[in-house]
>>> print(open('protein_36.json').read())   # JSON, C-alpha atoms
[["chain", "number", "residue", "atom", "x", "y", "z"],
["J", 1, "MET", "CA", 47.08, -144.69, 6.11],
["J", 2, "GLN", "CA", 45.84, -144.18, 2.56],
["J", 3, "ASN", "CA", 49.05, -142.36, 1.63],
["J", 4, "SER", "CA", 51.10, -145.19, 3.15],
["J", 5, "ASN", "CA", 49.19, -147.77, 1.12],
["J", 6, "ARG", "CA", 49.58, -145.66, -2.03],
["J", 7, "HIS", "CA", 53.32, -145.45, -1.39],
["J", 8, "LEU", "CA", 53.51, -149.26, -0.99],
["J", 9, "VAL", "CA", 52.08, -149.72, -4.48],
["J", 10, "GLY", "CA", 54.39, -147.07, -5.94],
["J", 11, "GLU", "CA", 51.95, -144.18, -6.20],
["J", 12, "GLY", "CA", 52.44, -140.65, -4.89],
["J", 13, "LEU", "CA", 56.18, -141.02, -4.39],
["J", 14, "SER", "CA", 57.05, -137.55, -5.69],
["J", 15, "CYS", "CA", 56.31, -135.96, -2.32],
["J", 16, "LEU", "CA", 58.75, -138.25, -0.44],
["J", 17, "ASN", "CA", 62.36, -137.27, 0.29],
["J", 18, "VAL", "CA", 65.34, -139.63, -0.06],
["J", 19, "ARG", "CA", 65.22, -140.78, 3.58],
["J", 20, "GLU", "CA", 61.51, -141.63, 3.34],
["J", 21, "LEU", "CA", 62.06, -143.46, 0.05],
["J", 22, "LYS", "CA", 64.84, -145.51, 1.66],
["J", 23, "GLN", "CA", 62.55, -146.39, 4.61],
["J", 24, "LEU", "CA", 59.81, -147.42, 2.19],
["J", 25, "GLU", "CA", 62.28, -149.55, 0.24],
["J", 26, "ASN", "CA", 63.48, -151.28, 3.43],
["J", 27, "ARG", "CA", 59.90, -151.92, 4.51],
["J", 28, "LEU", "CA", 59.07, -153.45, 1.13],
["J", 29, "GLU", "CA", 62.20, -155.64, 1.19],
["J", 30, "ARG", "CA", 61.33, -156.98, 4.67],
["J", 31, "GLY", "CA", 57.81, -157.74, 3.46],
["J", 32, "ILE", "CA", 59.09, -159.55, 0.39],
["J", 33, "SER", "CA", 61.49, -161.54, 2.57],
["J", 34, "ARG", "CA", 58.64, -162.66, 4.85],
["J", 35, "ILE", "CA", 56.49, -163.57, 1.85],
["J", 36, "ARG", "CA", 59.27, -165.65, 0.29],
["J", 37, "SER", "CA", 59.96, -167.38, 3.59],
["J", 38, "LYS", "CA", 56.29, -168.30, 4.03],
["J", 39, "LYS", "CA", 56.07, -169.49, 0.43],
["J", 40, "HIS", "CA", 59.16, -171.67, 0.95],
["J", 41, "GLU", "CA", 57.64, -173.21, 4.12],
["J", 42, "MET", "CA", 54.42, -173.99, 2.28],
["J", 43, "ILE", "CA", 56.25, -175.60, -0.64],
["J", 44, "LEU", "CA", 58.30, -177.78, 1.73],
["J", 45, "ALA", "CA", 55.17, -178.87, 3.61],
["J", 46, "GLU", "CA", 53.38, -179.71, 0.36],
["J", 47, "THR", "CA", 56.40, -181.66, -0.89],
["J", 48, "GLU", "CA", 56.49, -183.66, 2.34],
["J", 49, "ASN", "CA", 52.76, -184.41, 2.08],
["J", 50, "LEU", "CA", 53.12, -185.52, -1.53],
["J", 51, "GLN", "CA", 56.04, -187.80, -0.64],
["J", 52, "LYS", "CA", 53.98, -189.42, 2.13],
["J", 53, "ARG", "CA", 51.07, -189.84, -0.26],
["J", 54, "GLU", "CA", 53.39, -191.41, -2.84],
["J", 55, "ILE", "CA", 54.59, -193.99, -0.29],
["J", 56, "GLN", "CA", 51.00, -194.72, 0.72],
["J", 57, "LEU", "CA", 49.93, -195.21, -2.90],
["J", 58, "GLU", "CA", 52.93, -197.48, -3.58],
["J", 59, "GLN", "CA", 51.98, -199.63, -0.57],
["J", 60, "GLU", "CA", 48.34, -199.80, -1.69],
["J", 61, "ASN", "CA", 49.48, -200.69, -5.20],
["J", 62, "ALA", "CA", 51.69, -203.51, -3.89],
["J", 63, "PHE", "CA", 48.81, -204.83, -1.77],
["J", 64, "LEU", "CA", 46.42, -204.78, -4.72],
["J", 65, "ARG", "CA", 48.97, -206.50, -6.95],
["J", 66, "SER", "CA", 49.36, -209.26, -4.39],
["J", 67, "LYS", "CA", 45.55, -209.65, -4.21],
["J", 68, "ILE", "CA", 45.42, -209.96, -8.00],
["J", 69, "ALA", "CA", 48.19, -212.57, -7.95],
["J", 70, "GLU", "CA", 46.34, -214.55, -5.24],
["J", 71, "ASN", "CA", 43.13, -214.46, -7.27],
["J", 72, "GLU", "CA", 44.98, -215.61, -10.38],
["J", 73, "ARG", "CA", 46.52, -218.51, -8.42],
["J", 74, "LEU", "CA", 43.08, -219.47, -7.13],
["J", 75, "GLN", "CA", 41.65, -219.43, -10.63],
["J", 76, "GLU", "CA", 44.51, -221.64, -11.85],
["J", 77, "LEU", "CA", 43.96, -224.08, -8.96],
["J", 78, "SER", "CA", 40.23, -224.21, -9.57],
["J", 79, "MET", "CA", 40.93, -225.38, -13.10],
["J", 80, "MET", "CA", 43.23, -228.21, -11.91],
["J", 81, "PRO", "CA", 42.05, -231.83, -11.80],
["J", 82, "ALA", "CA", 40.57, -233.31, -8.62],
["J", 83, "ALA", "CA", 44.03, -234.27, -7.26],
["J", 84, "GLY", "CA", 44.65, -230.61, -6.43],
["J", 85, "GLY", "CA", 41.39, -230.36, -4.53],
["J", 86, "GLN", "CA", 42.94, -230.60, -1.06],
["J", 87, "GLU", "CA", 45.54, -227.95, -1.87],
["J", 88, "TYR", "CA", 42.82, -225.73, -3.30],
["J", 89, "SER", "CA", 40.72, -226.17, -0.18],
["J", 90, "ALA", "CA", 43.68, -225.31, 2.07],
["J", 91, "ILE", "CA", 44.39, -222.15, 0.06],
["J", 92, "GLN", "CA", 40.73, -221.14, 0.25],
["J", 93, "GLN", "CA", 40.80, -221.49, 4.04],
["J", 94, "TYR", "CA", 44.02, -219.47, 4.23],
["J", 95, "LEU", "CA", 42.58, -216.68, 2.10],
["J", 96, "ALA", "CA", 39.35, -216.68, 4.11],
["J", 97, "ARG", "CA", 41.34, -216.12, 7.31],
["J", 98, "ASN", "CA", 43.34, -213.33, 5.68],
["J", 99, "MET", "CA", 40.20, -211.65, 4.39],
["J", 100, "LEU", "CA", 38.69, -211.81, 7.88],
["J", 101, "GLN", "CA", 41.81, -210.18, 9.31],
["J", 102, "LEU", "CA", 41.80, -207.55, 6.56],
["J", 103, "ASN", "CA", 38.12, -206.79, 7.12],
["J", 104, "MET", "CA", 38.75, -206.42, 10.85],
["J", 105, "MET", "CA", 41.65, -204.04, 10.17],
["J", 106, "GLU", "CA", 39.53, -201.98, 7.78],
["J", 107, "GLY", "CA", 36.84, -201.73, 10.42],
["J", 108, "GLN", "CA", 39.39, -200.18, 12.77],
["J", 109, "GLY", "CA", 40.38, -197.55, 10.21],
["J", 110, "VAL", "CA", 43.81, -199.06, 9.50],
["J", 111, "SER", "CA", 43.31, -199.15, 5.76],
["J", 112, "SER", "CA", 43.01, -196.14, 3.52],
["J", 113, "TYR", "CA", 40.79, -197.92, 1.02],
["J", 114, "ASP", "CA", 37.71, -196.12, 2.33],
["J", 115, "SER", "CA", 38.11, -193.57, -0.45],
["J", 116, "LEU", "CA", 38.04, -196.25, -3.16],
["J", 117, "PRO", "CA", 34.73, -196.92, -4.90],
["J", 118, "PRO", "CA", 33.01, -200.19, -3.99],
["J", 119, "PRO", "CA", 33.97, -203.12, -6.22],
["J", 120, "HIS", "CA", 31.59, -203.99, -9.04],
["J", 121, "ASP", "CA", 29.73, -207.24, -9.06],
["J", 122, "LYS", "CA", 31.18, -209.66, -11.64],
["J", 123, "LYS", "CA", 27.83, -209.78, -13.41],
["J", 124, "SER", "CA", 27.72, -206.00, -13.88],
["J", 125, "LEU", "CA", 31.29, -205.67, -15.18],
["J", 126, "ASP", "CA", 31.02, -203.90, -18.50],
["J", 127, "LEU", "CA", 34.16, -203.86, -20.63],
["J", 128, "GLN", "CA", 33.98, -201.59, -23.62]]
>>> encode(input="protein_36.json", output="structure tokens")
Amino acid sequence: MQNSNRHLVGEGLSCLNVRELKQLENRLERGISRIRSKKHEMILAETENLQKREIQLEQENAFLRSKIAENERLQELSMMPAAGGQEYSAIQQYLARNMLQLNMMEGQGVSSYDSLPPPHDKKSLDLQ
């Protein structure tokens, strides 16, 4: 066994004849082929996982952008004169329903935002 392992790493080859050297070479080539095949499988699997993660991040990004846009619209409406009060109230009710639905979905594990840190309170926001 020790001699076989030494031969695999290229040591002690002087005592081998041509036939034995050819067998050793074939054995090494089969091993390299299996190693390359396994490496290729692993690279393909990792590529697939990264592509799925990319899609997930793009969807999360789109969702967060829409939330930012909604918040900006609400801020604009809150600065409007009293005539826009009814529209503002209707939008607030709509957003409240959507937030309830979103919170219910997050509670069921539908969202992947669990890994995100909790949002900071507006008072503790520190811009440097």
>>> closest_residue(input="protein_36.json", among="J:His40, J:Arg27, J:Arg65, J:Arg73", to="J:His7", atoms="all atoms listed in the file")
J:Arg27
>>> axis_aligned_box(input="protein_36.json", around="stretch 41-60 of chain J", padding_each_side="4 Å", output="JSON")
{"center_x": 53.3, "center_y": -186.5, "center_z": 0.3, "size_x": 18.0, "size_y": 34.6, "size_z": 15.7}
>>> residues_around(input="protein_36.json", residues="J:Leu28", least_positions_apart="4", cutoff="8 Å", atoms="only C-alpha atoms", output="ChimeraX atom specification")
/J:8,24,32
>>> atom_distance(input="protein_36.json", atom1="atom CA of J:Gln92", atom2="atom CA of J:Asn71")
10.3 Å
>>> atom_distance(input="protein_36.json", atom1="atom CA of J:Ala90", atom2="atom CA of J:Ala69")
16.8 Å
>>> atom_distance(input="protein_36.json", atom1="atom CA of J:Leu77", atom2="atom CA of J:Asn61")
24.3 Å
>>> residues_around(input="protein_36.json", residues="J:Glu70", least_positions_apart="3", cutoff="12 Å", atoms="all atoms listed in the file", output="mmCIF file with C-alpha atoms, in the frame of the given file")
data_model
loop_
_atom_site.group_PDB
_atom_site.id
_atom_site.type_symbol
_atom_site.label_atom_id
_atom_site.label_comp_id
_atom_site.auth_asym_id
_atom_site.auth_seq_id
_atom_site.Cartn_x
_atom_site.Cartn_y
_atom_site.Cartn_z
ATOM 1 C CA PHE J 63 48.810 -204.830 -1.770
ATOM 2 C CA LEU J 64 46.420 -204.780 -4.720
ATOM 3 C CA ARG J 65 48.970 -206.500 -6.950
ATOM 4 C CA SER J 66 49.360 -209.260 -4.390
ATOM 5 C CA LYS J 67 45.550 -209.650 -4.210
ATOM 6 C CA ARG J 73 46.520 -218.510 -8.420
ATOM 7 C CA LEU J 74 43.080 -219.470 -7.130
ATOM 8 C CA GLN J 75 41.650 -219.430 -10.630
ATOM 9 C CA GLU J 76 44.510 -221.640 -11.850
ATOM 10 C CA LEU J 77 43.960 -224.080 -8.960
ATOM 11 C CA TYR J 88 42.820 -225.730 -3.300
ATOM 12 C CA ILE J 91 44.390 -222.150 0.060
ATOM 13 C CA GLN J 92 40.730 -221.140 0.250
ATOM 14 C CA TYR J 94 44.020 -219.470 4.230
ATOM 15 C CA LEU J 95 42.580 -216.680 2.100
ATOM 16 C CA ALA J 96 39.350 -216.680 4.110
ATOM 17 C CA ASN J 98 43.340 -213.330 5.680
ATOM 18 C CA MET J 99 40.200 -211.650 4.390
#
>>> decode(input="protein_36.json", residues="stretch 35-51 of chain J", atoms="N, CA, C and O atoms", output="CSV table (one decimal), in the first residue's frame")
chain,number,residue,atom,x,y,z
J,35,ILE,N,-11.9,13.6,-11.0
J,35,ILE,CA,-11.7,14.8,-10.3
J,35,ILE,C,-12.2,16.0,-11.1
J,35,ILE,O,-13.0,16.8,-10.6
J,36,ARG,N,-11.9,16.0,-12.4
J,36,ARG,CA,-12.3,17.1,-13.3
J,36,ARG,C,-13.9,17.1,-13.5
J,36,ARG,O,-14.5,18.1,-13.5
J,37,SER,N,-14.4,15.9,-13.6
J,37,SER,CA,-15.9,15.8,-13.7
J,37,SER,C,-16.6,16.3,-12.4
J,37,SER,O,-17.6,17.0,-12.5
J,38,LYS,N,-16.1,15.9,-11.3
J,38,LYS,CA,-16.7,16.4,-10.0
J,38,LYS,C,-16.5,17.9,-9.9
J,38,LYS,O,-17.5,18.6,-9.5
J,39,LYS,N,-15.4,18.4,-10.3
J,39,LYS,CA,-15.2,19.9,-10.2
J,39,LYS,C,-16.1,20.6,-11.1
J,39,LYS,O,-16.7,21.6,-10.8
J,40,HIS,N,-16.3,20.1,-12.3
J,40,HIS,CA,-17.3,20.6,-13.3
J,40,HIS,C,-18.7,20.6,-12.7
J,40,HIS,O,-19.4,21.7,-12.8
J,41,GLU,N,-19.1,19.5,-12.1
J,41,GLU,CA,-20.4,19.5,-11.5
J,41,GLU,C,-20.6,20.5,-10.4
J,41,GLU,O,-21.7,21.2,-10.4
J,42,MET,N,-19.6,20.7,-9.6
J,42,MET,CA,-19.7,21.6,-8.5
J,42,MET,C,-19.7,23.1,-9.0
J,42,MET,O,-20.5,23.9,-8.5
J,43,ILE,N,-19.0,23.4,-10.1
J,43,ILE,CA,-19.0,24.7,-10.7
J,43,ILE,C,-20.4,25.0,-11.3
J,43,ILE,O,-20.9,26.1,-11.1
J,44,LEU,N,-21.0,24.0,-12.0
J,44,LEU,CA,-22.3,24.2,-12.5
J,44,LEU,C,-23.3,24.4,-11.4
J,44,LEU,O,-24.2,25.3,-11.6
J,45,ALA,N,-23.3,23.7,-10.3
J,45,ALA,CA,-24.2,23.8,-9.2
J,45,ALA,C,-24.1,25.2,-8.6
J,45,ALA,O,-25.1,25.9,-8.3
J,46,GLU,N,-22.8,25.6,-8.4
J,46,GLU,CA,-22.6,27.0,-7.8
J,46,GLU,C,-23.1,28.1,-8.7
J,46,GLU,O,-23.7,29.0,-8.3
J,47,THR,N,-22.9,27.9,-10.0
J,47,THR,CA,-23.4,28.9,-11.0
J,47,THR,C,-24.9,29.0,-10.9
J,47,THR,O,-25.5,30.1,-11.0
J,48,GLU,N,-25.6,27.9,-10.9
J,48,GLU,CA,-27.0,27.8,-10.8
J,48,GLU,C,-27.5,28.5,-9.5
J,48,GLU,O,-28.4,29.3,-9.6
J,49,ASN,N,-26.9,28.2,-8.4
J,49,ASN,CA,-27.2,28.9,-7.2
J,49,ASN,C,-27.0,30.4,-7.2
J,49,ASN,O,-27.9,31.1,-6.7
J,50,LEU,N,-25.9,30.8,-7.8
J,50,LEU,CA,-25.7,32.2,-7.9
J,50,LEU,C,-26.7,32.9,-8.8
J,50,LEU,O,-27.1,34.1,-8.6
J,51,GLN,N,-27.1,32.3,-9.9
J,51,GLN,CA,-28.1,32.8,-10.8
J,51,GLN,C,-29.5,33.0,-10.1
J,51,GLN,O,-30.1,34.0,-10.2
